Structures are given as C-alpha cells and as structure tokens.
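> Supplied in structure tokens, the structure appears directly below.
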Amino acid sequence: MAAPTAGAAAFVLVVLLVPVIMRLCRRWRLFDSPGPLKIHAQPVPRLGGVAIALALFAAPLLCGRVSIESGWPYFAGLALIWIGGLVDDVRGLSPVIRLASQIAAGALVWRGGWHLPLFGDGALDLAATCLFVGVFANAFNFLDGSDGLASGVAGIIAAAYVALPAGSPFGHAVAWSLAGACAAFLIFNFPGAKLFMGDSGSTALGFTIAFLGINLYRSVGAAGPSLLFPLWVAALPLLDAILAVIRRLLGRASIFYGDRKQIYDLMLARGWSARRVAFACYGITAGLAVVGWMAVRTGSARFYLFSAPILAALVLAAIRLGSLEAGQREARIEQMET
C-alpha cells in the first residue's frame with residue numbers, strides 16, 4: 001500500500017498548497033493575462049505548477065519506498081525543468097534556454113541509468129533519451145491551452161501506469177504521485193479555471209510522464225507491447241505537438257511561435273465548450289490507455305494493430321479541422337507555448 005500512499009499525499013499537498021499559491025499570485029500580481037493566444041477573458045493566477053512540482057517531489061519520498069539516493073536522476077531532472085518553467089512564468093525565458101534545460105534533464109536521467117532500450121548506452125542513446133524527454137515536456141506544454149486539459153490527460157496516463165502489472169516500486173510511487181497531484185489540481189483547473197499551472201507545471205507533467213516511460217523500459221525492457229506503451233498512451237499530446245511542428249515548418253515560421261491551431265483550439269473554434277473539449281480528450285486518452293493496458297497485460301501487440309485505424313482516423317480528423325493550416329501571423333509570439 002506504500003505507492004497508493006504517495007497518491008494520497010500528492011493529492012493532499014496540492015489541495016493545501018493551491019490556496020496559498022493563489023493568494024501569493026494575487027499579492028505579487030502573477031497572472032496569465034488575456035491575449036491573442038489565450039481563451040480566457042480575465043487574468044488568472046498562473047503558478048499552479050509550484051503545487052504540482054512540490055507534490056511530485058515530496059509524495060514519492062513520503063511513501064517510504066523511495067530515497068533521494070536511489071531516485072536522484074528523476075528529482076534532479078524534475079527540478080531543472082521546473083525551475084526553467086518557473087522562471088519563464090515569472091520573468092520570461094528564452095526558448096533556447098528552456099530547451100537546453102530539458103536536454104540537460106534528459107542527460108541527468110540517462111546518467112542515472114534510465115535510458116531508451118534501442119541504442120545501447122552510447123552517444124546515440126544519450127541523444128535519443130534527451131529527445132524523448134524534450135518531446136514529452138513540450139507536448140504537454142502545447143496541450144496546456146484549455147482549462148483542465150493537460151492535468152486531466154496527464155492524470156489518466158498516470159493511472160494507466162499505476163494499473164500496469166509491470167514496473168518498479170519507484171515507478172509506481174511516481175505514477176501514483178502524478179495521478180494524485182493531477183486529480184487535486186483539476187479541482188481548481190477544471191473549466192472555468194481558478195488557477196493555471198503555467199509552463200512550470202505543464203513541462204513538469206511532460207517530464208514525469210517521459211520518465212515513467214523510460215522507467216518502464218528499464219524495468220521490463222523493449223520486448224513486445226511494452227515498447228509502444230509510453231508512446232501509445234500519450235498519443236494525443238504527442239500527435240498534437242507533431243502536427244504543430246509540421247504546421248509551423250510548412251508555414252515557414254519558427255517552431256517556437258505560438259498560434260491558435262492546436263487540436264483543442266480547432267474544437268473550440270467549432271463551438272465546443274471548454275468542458276466538452278476536456279471530456280473528449282479524456283475519453284480519447286482513456287481509450288488509448290485501455291488498449292495499451294490490454295496489450296501489455298496479455299503480451300500481445302494485436303490490440304495496437306486493431307486500434308491503429310482509430311488513431312489514424314483521429315489524425316485525419318485533426319487535419320480536416322485545419323491543424324496543418326498556418327495560423328494568422330499576427331497571432332504568433334516568439335516564445336514557446338504558454
């Protein structure tokens with residue numbers, strides 16, 4: 001029962017910390033202001049990532065099965081990415097510096113013995129691990145543009161890792177912590193949100209989910225369905241990010257420019273409410289998680305094969321909605337998504 005204790009601890013910590021953070025944001029005027037890339041009409045406190053990250057640090061340790069010594073690569077990488085996001089939330093930070101912090105976090109994880117299982121343990125594996133971490137961190141940063149979306153999707157993915165029969169005690173503690181932190185944050189972030197997580201929160205979520213995937217590889221190797229599981233359960237944010245990069249390259253814009261062409265933006269533009277968008281994305285992610293769980297549980301990749309046409313249909317639907325069409329130039333800003 002030690003790992004579920006981490007989930008309960010993370011939930012309680014976030015619930016206790018959020019009201020304090022909201023008061024500090026109001027006192028110090030730390031708001032996410034309305035703008036051309038925003039869907040909210042009033043300033044909203046934006047440092048919810050502080051509560052999420054502190055819970056992700058503390059809860060695994062409180063469960064009694066994790067120590068700083070054994071888990072230092074995760075904690076050090078999380079700290080590095082979180083600090084970069086926090087500085088960006090408060091003062092602004094160059095996208096290049098933030099990307100460098102994500103690469104450094106991936107290098108720390110790799111140095112601690114967590115890496116991808118396909119490229120040995122040399123320079124190519126280091127580069128692949130850093131890319132894996134950076135892609136996940138930015139995918140969740142891109143996803144965090146509509147109330148309750150990033151925290152809800154991340155929570156469902158965390159629950160999928162909790163339900164896996166494979167893994168390590170450390171990985172289960174981290175997954176439970178992530179699930180608890182996301183569930184608690186949704187109390188304040190569900191449409192109409194009272195608090196945003198900011199880049200410090202979204203990139204911390206992405207890093208933690210990347211770490212859970214790499215930890216799964218470390219625990220069970222790359223055999224069979226486990227190889228695809230981390231990518232499959234996170235297919236929605238990953239595909240959204242990939243389409244965003246392709247769209248900006250096709251439009252000859254910097255990939256660091258924001259626009260209003262993410263999948264959730266297109267759904268909102270069709271008249272969907274933020275709540276309906278959130279539930280739709282939760283349903284898609286939950287469906288993918290069930291398929292991935294069944295594949296790992298049975299040791300058969302046929303579940304991925306049978307479900308691939310559904311995933312292809314989602315990609316085609318996103319393209320038909322306009323996810324590859326260039327956004328208006330005046331709506332772009334030269335920074336990563338916020």
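Labeling convention for the structure tokens: chains A, B, ... as they appear, residues from 1 per chain, ligands from 1 in order of appearance.
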Do you have, as a tab-separated table, the list of residues of region 131-207 of chain A lying at most 10 Å from region 241-257 of chain A, each with its nearest atom pair and that distance in Å to one decimal, counting only C-alpha atoms and ordered by chain then number?


residue	atom	partner	partner_atom	distance
A:Val135	CA	A:Ala241	CA	8.2
A:Phe136	CA	A:Ala241	CA	9.0
A:Asn138	CA	A:Ala241	CA	7.5
A:Ala139	CA	A:Ala241	CA	5.1
A:Phe140	CA	A:Ala241	CA	8.3
A:Asn141	CA	A:Ala241	CA	9.0
A:Phe142	CA	A:Ala241	CA	6.5
A:Leu143	CA	A:Ala241	CA	7.9

> Would you mind exporting N, CA, C and O atoms of the selected residues as a PDB file, in the first residue's frame?


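File written: result.pdb
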ATOM      1  N   VAL A 135      10.617  16.070 -26.119  1.00  0.00           N
ATOM      2  CA  VAL A 135       9.357  15.970 -26.864  1.00  0.00           C
ATOM      3  C   VAL A 135       8.179  15.886 -25.910  1.00  0.00           C
ATOM      4  O   VAL A 135       7.163  16.580 -26.083  1.00  0.00           O
ATOM      5  N   PHE A 136       8.278  15.064 -24.879  1.00  0.00           N
ATOM      6  CA  PHE A 136       7.173  14.934 -23.935  1.00  0.00           C
ATOM      7  C   PHE A 136       6.946  16.233 -23.170  1.00  0.00           C
ATOM      8  O   PHE A 136       5.790  16.658 -22.969  1.00  0.00           O
ATOM      9  N   ASN A 138       7.545  19.303 -24.060  1.00  0.00           N
ATOM     10  CA  ASN A 138       6.937  20.323 -24.907  1.00  0.00           C
ATOM     11  C   ASN A 138       5.545  19.927 -25.382  1.00  0.00           C
ATOM     12  O   ASN A 138       4.685  20.788 -25.592  1.00  0.00           O
ATOM     13  N   ALA A 139       5.296  18.621 -25.543  1.00  0.00           N
ATOM     14  CA  ALA A 139       3.960  18.177 -25.942  1.00  0.00           C
ATOM     15  C   ALA A 139       2.932  18.590 -24.896  1.00  0.00           C
ATOM     16  O   ALA A 139       1.834  19.061 -25.232  1.00  0.00           O
ATOM     17  N   PHE A 140       3.261  18.433 -23.625  1.00  0.00           N
ATOM     18  CA  PHE A 140       2.312  18.830 -22.588  1.00  0.00           C
ATOM     19  C   PHE A 140       2.269  20.343 -22.413  1.00  0.00           C
ATOM     20  O   PHE A 140       1.240  20.890 -22.003  1.00  0.00           O
ATOM     21  N   ASN A 141       3.349  21.015 -22.746  1.00  0.00           N
ATOM     22  CA  ASN A 141       3.307  22.473 -22.756  1.00  0.00           C
ATOM     23  C   ASN A 141       2.354  22.974 -23.842  1.00  0.00           C
ATOM     24  O   ASN A 141       1.549  23.880 -23.617  1.00  0.00           O
ATOM     25  N   PHE A 142       2.401  22.373 -25.012  1.00  0.00           N
ATOM     26  CA  PHE A 142       1.483  22.717 -26.092  1.00  0.00           C
ATOM     27  C   PHE A 142       0.034  22.407 -25.704  1.00  0.00           C
ATOM     28  O   PHE A 142      -0.888  23.135 -26.049  1.00  0.00           O
ATOM     29  N   LEU A 143      -0.159  21.287 -24.999  1.00  0.00           N
ATOM     30  CA  LEU A 143      -1.513  20.839 -24.655  1.00  0.00           C
ATOM     31  C   LEU A 143      -2.174  21.742 -23.623  1.00  0.00           C
ATOM     32  O   LEU A 143      -3.404  21.803 -23.547  1.00  0.00           O
TER      33      LEU A 143
END

> Could you pull the residues within 10 Å of Phe170 (chain A), counting only C-alpha atoms, minus those fewer than 3 positions along the same chain, as a PyMOL selection string?

chain A and resi 3+60-61+63+65-67+70-71+167+173-176+212+215

> Residues of region 211-237 of chain A that have any atom at most 6 Å from an atom of region 287-310 of chain A: could you tabulate them with the shortest-distance atom pair and the distance in Å to one decimal, using only C-alpha atoms, ordered by chain and increasing number, as a Markdown table?


| residue | atom | partner | partner_atom | distance |
| --- | --- | --- | --- | --- |
| A:Pro225 | CA | A:Ala301 | CA | 5.1 |
| A:Ser226 | CA | A:Val296 | CA | 5.8 |
| A:Phe229 | CA | A:Gly292 | CA | 5.6 |
| A:Val233 | CA | A:Ala289 | CA | 5.0 |

> Find the distance between CA of Gly145 (chain A) and CA of Gly258 (chain A) and write it in Å to one decimal.

10.8 Å

> Between A:Gly192, A:Pro73, A:Pro45, A:Gly120, which residue has the minimum interatomic distance to Ala274 (chain A), considering only C-alpha atoms?

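The answer is A:Gly192, which sits nearest to Ala274 (chain A).
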
> Quick one: residues within 10 Å of region 23-28 of chain A, only C-alpha atoms counted, chain neighbours fewer than 6 positions away excluded, as number ranges by chain?

A: 44-48, 195

> Run DSSP on the backbone and give me the residues of region 10-249 of chain A it puts in helix (DSSP H, G or I), as a count of residues only.

178

> When you count only C-alpha atoms, which of these residues is closest to Leu62 (chain A): A:Val20, A:Leu236, A:Leu324, A:Ala9?

A:Ala9

> My list of candidates is A:Leu186, A:Ala2, A:Leu164, A:Val133. Which is closest to Trp114 (chain A) when distances are computed with only C-alpha atoms?

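Comparing A:Leu186, A:Ala2, A:Leu164, A:Val133 against Trp114 (chain A), the winner is A:Val133.
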
> Work out how far CA of Gly201 (chain A) is from CA of Leu86 (chain A), in Å to one decimal.

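It comes out at 8.3 Å.
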
> List every residue of region 18-262 of chain A that DSSP, applied to the backbone of this structure, places in strand (DSSP E), and write the result as a ChimeraX atom specification.

/A:31-32,44-45

> Hey, can you spit out that residue selection with N, CA and C atoms as a PDB file, in the first residue's frame?


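selection17.pdb, freshly written:
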ATOM      1  N   PHE A  31      -0.203  36.922 -12.906  1.00  0.00           N
ATOM      2  CA  PHE A  31      -1.381  36.446 -13.613  1.00  0.00           C
ATOM      3  C   PHE A  31      -1.043  36.064 -15.050  1.00  0.00           C
ATOM      4  N   ASP A  32      -1.851  35.176 -15.598  1.00  0.00           N
ATOM      5  CA  ASP A  32      -1.844  34.914 -17.035  1.00  0.00           C
ATOM      6  C   ASP A  32      -2.878  35.852 -17.643  1.00  0.00           C
ATOM      7  N   VAL A  44      -5.819  35.312 -14.773  1.00  0.00           N
ATOM      8  CA  VAL A  44      -5.934  34.131 -13.918  1.00  0.00           C
ATOM      9  C   VAL A  44      -4.559  33.842 -13.312  1.00  0.00           C
ATOM     10  N   PRO A  45      -4.488  33.575 -11.994  1.00  0.00           N
ATOM     11  CA  PRO A  45      -3.193  33.187 -11.395  1.00  0.00           C
ATOM     12  C   PRO A  45      -2.577  32.019 -12.143  1.00  0.00           C
TER      13      PRO A  45
END

> Which one is closest to Gly198 (chain A): A:Pro36, A:Gly113, A:Gly7, A:Gly84? Count only C-alpha atoms.

A:Gly84
